[in-house]
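Asks: Enclosed is the structure file final_19.tsv (TSV, C-alpha atoms).
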chain	number	residue	atom	x	y	z
A	1	MET	CA	107.69	329.13	146.72
A	2	VAL	CA	106.50	326.94	143.86
A	3	THR	CA	106.78	323.20	144.54
A	4	ILE	CA	106.69	320.11	142.34
A	5	LYS	CA	103.25	319.40	143.83
A	6	ASP	CA	101.98	322.79	142.53
A	7	ILE	CA	103.31	322.03	139.04
A	8	ALA	CA	101.79	318.52	139.06
A	9	LYS	CA	98.36	319.93	139.99
A	10	LYS	CA	98.43	322.47	137.15
A	11	ALA	CA	99.72	319.90	134.64
A	12	GLY	CA	97.13	317.34	135.69
A	13	VAL	CA	99.68	314.59	136.34
A	14	SER	CA	101.11	312.87	139.39
A	15	VAL	CA	103.94	314.29	141.51
A	16	SER	CA	106.19	311.37	140.53
A	17	THR	CA	105.58	312.00	136.81
A	18	THR	CA	106.36	315.70	137.29
A	19	SER	CA	109.58	314.92	139.16
A	20	ARG	CA	110.71	312.46	136.49
A	21	ALA	CA	109.90	314.94	133.72
A	22	LEU	CA	111.88	317.75	135.36
A	23	ASN	CA	114.82	315.35	135.72
A	24	ASP	CA	114.63	314.24	132.05
A	25	ASN	CA	113.70	310.66	132.87
A	26	SER	CA	113.44	308.75	129.60
A	27	ARG	CA	110.39	306.85	130.91
A	28	ILE	CA	108.40	310.05	130.39
A	29	SER	CA	107.61	311.01	126.79
A	30	GLU	CA	109.46	313.99	125.36
A	31	GLU	CA	106.17	315.77	124.72
A	32	THR	CA	105.12	315.43	128.37
A	33	ARG	CA	108.57	316.49	129.60
A	34	GLU	CA	108.51	319.65	127.50
A	35	ARG	CA	104.96	320.53	128.60
A	36	ILE	CA	105.76	320.12	132.29
A	37	LYS	CA	109.02	322.08	131.97
A	38	LYS	CA	107.12	324.91	130.27
A	39	ILE	CA	104.55	325.00	133.09
A	40	ALA	CA	107.36	324.98	135.68
A	41	ALA	CA	109.09	327.90	133.96
A	42	GLU	CA	105.85	329.90	133.74
A	43	MET	CA	105.24	329.35	137.47
A	44	GLY	CA	108.79	330.45	138.35
A	45	TYR	CA	109.89	327.08	139.72
A	46	GLN	CA	113.45	326.98	141.11
A	47	PRO	CA	114.85	323.44	141.34
A	48	ASN	CA	116.64	322.33	144.50
A	49	TYR	CA	119.95	321.17	143.07
A	50	THR	CA	121.25	320.10	146.47
A	51	ALA	CA	118.34	317.72	147.00
A	52	ARG	CA	118.57	316.49	143.42
A	53	ASN	CA	122.22	315.56	143.79
A	54	LEU	CA	121.70	313.97	147.19
A	55	THR	CA	119.19	311.57	145.67
A	56	ARG	CA	122.10	310.43	143.49
A	57	GLY	CA	124.26	309.88	146.58
A	58	GLU	CA	126.41	313.00	146.26
A	59	SER	CA	126.24	316.71	147.09
A	60	ASN	CA	126.37	319.65	144.69
A	61	MET	CA	129.69	320.74	146.19
A	62	VAL	CA	133.26	320.66	144.94
A	63	GLY	CA	135.97	320.26	147.57
A	64	LEU	CA	138.96	322.58	147.25
A	65	ILE	CA	141.99	320.99	148.92
A	66	PHE	CA	144.75	323.43	149.87
A	67	PRO	CA	148.36	322.49	150.61
A	68	VAL	CA	149.32	322.06	154.27
A	69	THR	CA	149.83	325.55	155.70
A	70	GLU	CA	150.91	326.89	159.09
A	71	ASP	CA	148.30	328.88	161.01
A	72	THR	CA	150.51	331.96	160.88
A	73	ALA	CA	151.19	331.75	157.14
A	74	PRO	CA	149.63	334.51	155.00
A	75	ALA	CA	146.95	333.61	152.49
A	76	ASN	CA	148.43	332.94	149.08
A	77	PRO	CA	146.91	335.47	146.63
A	78	PHE	CA	147.45	332.98	143.79
A	79	HIS	CA	145.04	330.60	145.53
A	80	ILE	CA	142.51	333.39	146.03
A	81	ASP	CA	142.54	334.18	142.32
A	82	LEU	CA	142.26	330.45	141.56
A	83	MET	CA	139.14	330.32	143.74
A	84	ARG	CA	137.61	333.24	141.88
A	85	GLY	CA	138.00	331.36	138.63
A	86	VAL	CA	136.62	328.16	140.14
A	87	SER	CA	133.61	330.02	141.55
A	88	ALA	CA	132.82	331.66	138.20
A	89	ALA	CA	132.89	328.27	136.43
A	90	LEU	CA	130.80	326.47	139.10
A	91	GLN	CA	127.93	328.97	139.24
A	92	PRO	CA	126.25	327.99	135.96
A	93	LEU	CA	126.63	324.32	136.97
A	94	HIS	CA	124.78	325.00	140.26
A	95	TYR	CA	127.70	323.70	142.31
A	96	GLU	CA	129.26	325.34	145.35
A	97	MET	CA	132.73	325.27	146.92
A	98	VAL	CA	133.78	323.78	150.24
A	99	VAL	CA	137.36	324.31	151.40
A	100	SER	CA	139.78	322.03	153.23
A	101	ILE	CA	142.79	323.70	154.91
A	102	ALA	CA	144.94	322.08	157.61
A	103	THR	CA	148.27	322.46	159.37
A	104	THR	CA	149.36	318.82	158.99
A	105	GLN	CA	148.98	316.16	156.32
A	106	ASP	CA	147.07	313.88	158.73
A	107	GLU	CA	144.57	316.62	159.55
A	108	LEU	CA	144.10	317.42	155.88
A	109	LEU	CA	143.41	313.77	155.05
A	110	GLU	CA	140.89	313.55	157.89
A	111	GLU	CA	139.08	316.66	156.63
A	112	VAL	CA	138.83	315.21	153.14
A	113	ARG	CA	137.52	311.90	154.50
A	114	SER	CA	134.88	313.82	156.44
A	115	MET	CA	133.84	315.68	153.28
A	116	VAL	CA	133.30	312.36	151.52
A	117	ASP	CA	131.66	310.40	154.35
A	118	GLN	CA	129.53	313.09	155.97
A	119	SER	CA	128.96	315.74	153.30
A	120	LYS	CA	128.88	313.36	150.30
A	121	VAL	CA	131.42	315.41	148.36
A	122	HIS	CA	132.60	313.35	145.37
A	123	ASN	CA	134.35	316.01	143.26
A	124	PHE	CA	137.62	317.66	144.23
A	125	LEU	CA	140.19	320.17	143.02
A	126	VAL	CA	143.63	319.68	144.59
A	127	PHE	CA	145.49	323.02	144.76
A	128	TYR	CA	148.96	321.48	144.87
A	129	SER	CA	151.12	318.69	143.50
A	130	LEU	CA	153.10	316.68	146.05
A	131	LYS	CA	155.09	313.47	145.80
A	132	ASN	CA	153.70	310.52	147.81
A	133	ASP	CA	150.67	312.58	148.78
A	134	PRO	CA	148.27	310.60	151.04
A	135	VAL	CA	145.30	312.79	150.09
A	136	THR	CA	145.43	312.09	146.36
A	137	ALA	CA	146.18	308.43	147.19
A	138	TYR	CA	142.91	308.36	149.17
A	139	LEU	CA	140.98	310.00	146.32
A	140	ARG	CA	142.39	307.45	143.87
A	141	LYS	CA	141.65	304.48	146.10
A	142	ASN	CA	138.01	305.54	146.50
A	143	ASN	CA	137.50	306.28	142.78
A	144	LEU	CA	136.59	309.90	143.46
A	145	ASN	CA	136.56	312.51	140.73
A	146	PHE	CA	139.46	314.94	141.14
A	147	VAL	CA	141.78	317.24	139.22
A	148	VAL	CA	145.22	318.35	140.36
A	149	ILE	CA	146.23	321.96	139.74
A	150	GLY	CA	149.88	321.56	138.87
A	151	HIS	CA	151.81	318.82	137.13
A	152	PRO	CA	151.57	315.48	139.01
A	153	THR	CA	154.83	314.40	140.65
A	154	ASP	CA	154.12	310.67	140.96
A	155	HIS	CA	153.76	308.07	138.24
A	156	HIS	CA	149.96	308.10	138.44
A	157	PRO	CA	147.68	309.05	135.55
A	158	ASP	CA	146.00	311.80	137.58
A	159	ARG	CA	144.07	314.37	135.61
A	160	PHE	CA	145.55	317.86	135.89
A	161	VAL	CA	145.63	321.45	134.69
A	162	ASP	CA	148.77	323.55	134.72
A	163	ASN	CA	150.80	326.29	133.13
A	164	ASP	CA	153.85	325.32	131.11
A	165	ASN	CA	156.14	326.39	133.94
A	166	VAL	CA	159.33	325.37	132.14
A	167	ALA	CA	158.40	327.63	129.22
A	168	ALA	CA	157.41	330.38	131.69
A	169	GLY	CA	160.79	330.17	133.44
A	170	LYS	CA	162.58	330.31	130.11
A	171	LYS	CA	160.52	333.27	128.89
A	172	ALA	CA	161.09	335.15	132.15
A	173	THR	CA	164.85	334.72	131.82
A	174	GLU	CA	164.75	335.79	128.19
A	175	HIS	CA	162.77	338.90	129.15
A	176	LEU	CA	165.38	339.94	131.73
A	177	PHE	CA	168.18	339.54	129.19
A	178	GLU	CA	166.42	341.33	126.34
A	179	SER	CA	164.82	344.17	128.32
A	180	ARG	CA	167.76	344.96	130.61
A	181	GLN	CA	170.79	343.52	128.75
A	182	LEU	CA	171.86	341.41	131.72
A	183	THR	CA	174.75	338.96	131.82
A	184	CYS	CA	174.07	336.94	134.99
A	185	PRO	CA	170.58	337.01	136.56
A	186	ALA	CA	170.09	334.58	139.46
A	187	PHE	CA	167.03	332.42	140.13
A	188	LEU	CA	165.69	332.45	143.71
A	189	GLU	CA	163.43	329.69	145.06
A	190	SER	CA	162.32	328.36	148.43
A	191	VAL	CA	163.97	325.52	150.38
A	192	ASN	CA	162.25	322.23	149.48
A	193	PRO	CA	160.78	323.91	146.40
A	194	TRP	CA	157.40	322.97	145.02
A	195	MET	CA	157.19	321.28	141.64
A	196	PHE	CA	156.21	324.54	139.91
A	197	GLU	CA	159.34	326.23	141.31
A	198	ARG	CA	161.56	323.42	140.07
A	199	GLU	CA	159.98	323.59	136.61
A	200	ARG	CA	160.50	327.35	136.40
A	201	ALA	CA	164.09	326.88	137.55
A	202	LYS	CA	164.52	324.29	134.79
A	203	GLY	CA	163.36	326.83	132.20
A	204	TYR	CA	165.85	329.33	133.63
A	205	GLU	CA	168.66	326.75	133.41
A	206	GLU	CA	167.73	325.83	129.86
A	207	TYR	CA	167.94	329.43	128.70
A	208	MET	CA	171.26	330.01	130.47
A	209	HIS	CA	172.73	326.82	129.00
A	210	GLU	CA	171.54	327.64	125.47
A	211	HIS	CA	173.27	331.02	125.71
A	212	ASP	CA	176.49	329.68	127.27
A	213	ARG	CA	175.83	331.32	130.64
A	214	ASN	CA	176.42	329.92	134.11
A	215	GLY	CA	173.14	329.85	136.00
A	216	ILE	CA	172.94	330.57	139.74
A	217	ILE	CA	170.06	329.16	141.79
A	218	TRP	CA	169.71	330.16	145.45
A	219	GLN	CA	167.29	328.39	147.79
A	220	LEU	CA	165.96	330.79	150.41
A	221	GLY	CA	165.53	329.02	153.73
A	222	THR	CA	165.03	330.57	157.14
A	223	LYS	CA	164.28	334.21	157.97
A	224	ALA	CA	167.96	334.59	158.76
A	225	ASP	CA	168.80	334.32	155.09
A	226	SER	CA	170.21	337.59	153.83
A	227	LEU	CA	169.92	338.76	150.27
A	228	ASP	CA	172.91	341.03	150.90
A	229	GLU	CA	175.03	338.03	151.91
A	230	PHE	CA	174.03	336.16	148.78
A	231	LEU	CA	174.90	339.10	146.54
A	232	ASP	CA	178.20	339.63	148.35
A	233	ALA	CA	179.07	335.99	147.62
A	234	HIS	CA	178.00	336.39	143.97
A	235	PRO	CA	179.12	339.85	142.78
A	236	GLU	CA	178.52	338.82	139.17
A	237	VAL	CA	174.72	338.71	139.70
A	238	ASP	CA	173.08	341.67	137.94
A	239	GLY	CA	169.40	340.69	138.16
A	240	LEU	CA	166.99	338.52	140.17
A	241	LEU	CA	164.21	336.16	139.13
A	242	PHE	CA	161.93	335.08	142.01
A	243	SER	CA	160.08	331.76	141.74
A	244	ASP	CA	156.83	333.33	143.00
A	245	ASP	CA	155.53	336.63	144.33
A	246	LEU	CA	155.27	335.58	148.00
A	247	LEU	CA	159.00	334.94	147.97
A	248	PHE	CA	159.48	338.31	146.30
A	249	VAL	CA	157.46	340.11	148.99
A	250	ARG	CA	159.50	338.46	151.72
A	251	PHE	CA	162.58	340.30	150.49
A	252	SER	CA	160.85	343.46	149.27
A	253	HIS	CA	162.41	345.60	152.03
A	254	GLU	CA	165.95	344.55	151.07
A	255	LEU	CA	165.15	344.98	147.39
A	256	GLN	CA	164.22	348.62	147.93
A	257	LYS	CA	167.86	349.32	148.78
A	258	LEU	CA	169.13	347.67	145.60
A	259	SER	CA	169.11	348.81	142.00
A	260	LEU	CA	168.99	345.33	140.50
A	261	PRO	CA	166.36	344.47	137.87
A	262	VAL	CA	163.81	342.07	139.38
A	263	LEU	CA	161.11	339.86	137.87
A	264	CYS	CA	158.64	337.49	139.57
A	265	PHE	CA	155.70	335.23	138.79
A	266	ASN	CA	151.91	335.27	139.33
A	267	ASN	CA	150.91	338.96	138.93
A	268	SER	CA	148.07	338.71	141.45
A	269	ARG	CA	146.16	341.96	142.00
A	270	LEU	CA	147.06	342.07	145.68
A	271	MET	CA	150.76	341.69	145.02
A	272	GLY	CA	150.56	344.32	142.32
A	273	MET	CA	149.40	346.78	144.98
A	274	LEU	CA	152.13	345.82	147.47
A	275	THR	CA	155.15	345.37	145.25
A	276	ASN	CA	157.00	346.89	142.38
A	277	SER	CA	159.27	345.06	139.96
A	278	ASP	CA	160.59	345.31	136.43
A	279	GLY	CA	158.00	342.83	135.24
A	280	LYS	CA	155.85	339.83	136.13
A	281	ILE	CA	154.89	336.60	134.46
A	282	ASP	CA	151.09	336.52	134.66
A	283	LEU	CA	150.07	332.86	135.08
A	284	GLN	CA	146.36	333.73	134.72
A	285	PRO	CA	145.16	331.87	137.86
A	286	ARG	CA	141.50	332.73	137.25
A	287	GLU	CA	141.65	331.05	133.85
A	288	LEU	CA	143.48	328.14	135.49
A	289	GLY	CA	140.62	327.76	137.99
A	290	LYS	CA	138.00	327.84	135.23
A	291	GLU	CA	139.87	325.25	133.18
A	292	ALA	CA	140.15	323.00	136.26
A	293	VAL	CA	136.35	323.00	136.66
A	294	HIS	CA	135.75	322.32	132.96
A	295	LEU	CA	138.13	319.38	133.14
A	296	LEU	CA	136.57	318.08	136.37
A	297	PHE	CA	133.20	317.65	134.66
A	298	ASP	CA	134.52	316.46	131.31
A	299	PRO	CA	135.59	312.80	131.71
A	300	THR	CA	136.80	312.69	128.09
A	301	LYS	CA	139.75	315.02	128.85
A	302	HIS	CA	142.83	314.06	130.84
A	303	HIS	CA	144.65	317.39	131.20
A	304	GLY	CA	144.72	321.00	130.11
A	305	TYR	CA	147.17	323.89	129.95
A	306	VAL	CA	146.62	327.62	130.44
A	307	GLY	CA	148.97	330.13	128.86
A	308	PHE	CA	150.97	332.88	130.58
A	309	LYS	CA	151.70	336.52	129.71
A	310	VAL	CA	154.63	338.83	130.33
A	311	ARG	CA	153.51	342.02	132.11
A	312	VAL	CA	155.86	345.02	132.21
Please render this file's structure as structure tokens.
Replies:
Amino acid sequence: MVTIKDIAKKAGVSVSTTSRALNDNSRISEETRERIKKIAAEMGYQPNYTARNLTRGESNMVGLIFPVTEDTAPANPFHIDLMRGVSAALQPLHYEMVVSIATTQDELLEEVRSMVDQSKVHNFLVFYSLKNDPVTAYLRKNNLNFVVIGHPTDHHPDRFVDNDNVAAGKKATEHLFESRQLTCPAFLESVNPWMFERERAKGYEEYMHEHDRNGIIWQLGTKADSLDEFLDAHPEVDGLLFSDDLLFVRFSHELQKLSLPVLCFNNSRLMGMLTNSDGKIDLQPRELGKEAVHLLFDPTKHHGYVGFKVRV
């Protein structure tokens, strides 16, 4: 393996001059920098980006912080697609991913602290938006570079990337009406819904209000919840809009017995193999992950949005 010492010997300069030239130190003339870089390229030199970043007091890693999840909970395919986008954007920057997943908020905070103190991780992508979140409070307090994926819930100027979930909820409702001529589709979300669910529900409500319809929102709680019971209590419901595809899959068995039009969000490849519906709102998570990385390393930008597509 070619080392800086090998390059210095061939260039006829000191090791320190070679190192400074390869790191674009302004104390070295441009002519000398270009000559040494050319020699390095000809010799097939591969820089050690990890060591280079550690000399600056930080690692070449980006921490991915997942929402608190039970050990038995299935992996969210939306997060997997997000990671694919993040990975694709980090590769040309010579950065790698390190993941933090925990079952409690205290454990998650401790993992993030360990990343900062022991692994020198200074850049983070937060895969959720949560009110009064101690993790983002810690990142703020320590002036760490981070981007939230999702619209921030607190009154902090956190940088973020997101879909326009209100517009997505509205478009999904419009699609059900126009493609299936419905009169009363219901919106289904989880108990203690995430911000993105509430925003999609808001888009649903806006469409229903604008068209003089009474909206019905059902929060799905425990496993004892029955879709049949809900529909028996609301016989006017003639279609279902699920806040995300994991919720949709949870009731897929019951849905097979029904003839109601159904639409859900995300359109992940895995869910496309496991489920069937009348349509999906593709939130383009890979593009969302890429945009998050671009924002993370562009201090001039505060936020970004990624579009969505209706898939039928």
Asks: Record the distance separating CA of Val306 (chain A) and CA of Gly289 (chain A), expressed in Å with one decimal.
Replies: 9.6 Å
Asks: When you draw a straight line from CA of Met195 (chain A) to CA of His303 (chain A), how long is it in Å?
Replies: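 Straight-line distance from CA of Met195 (chain A) to CA of His303 (chain A) works out to 16.8 Å.
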Asks: Return as JSON lines the residues of region 121-207 of chain A lying at most 12 Å from region 71-80 of chain A, together with the closest atom-to-atom pair for each and the distance in Å to one decimal, counting all atoms listed in the file, with rows in chain order and ascending residue number.
Replies:
{"residue": "A:Leu125", "atom": "CA", "partner": "A:His79", "partner_atom": "CA", "distance": 11.8}
{"residue": "A:Val126", "atom": "CA", "partner": "A:His79", "partner_atom": "CA", "distance": 11.1}
{"residue": "A:Phe127", "atom": "CA", "partner": "A:His79", "partner_atom": "CA", "distance": 7.6}
{"residue": "A:Tyr128", "atom": "CA", "partner": "A:His79", "partner_atom": "CA", "distance": 9.9}
{"residue": "A:Ile149", "atom": "CA", "partner": "A:His79", "partner_atom": "CA", "distance": 10.5}
Asks: Name all residues at most 12 Å from Ala88 (chain A) (count only C-alpha atoms; drop same-chain ones fewer than 6 positions away) and give them as a VMD selection string.
Replies: chain A and resid 81 to 82 94 to 97 286 to 294
Asks: Pull the neighbourhood of (139.8, 308.6, 145.9) for me: all residues within 10 Å in file coordinates, counting only C-alpha atoms, as number ranges by chain.
Replies: A: 112-113, 116, 122-124, 135-146
Asks: If you measure from CA of Lys120 (chain A) to CA of Pro47 (chain A), what distance in Å do you get, rounded to one decimal?
Replies: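 Interatomic distance, CA of Lys120 (chain A) to CA of Pro47 (chain A): 19.5 Å.
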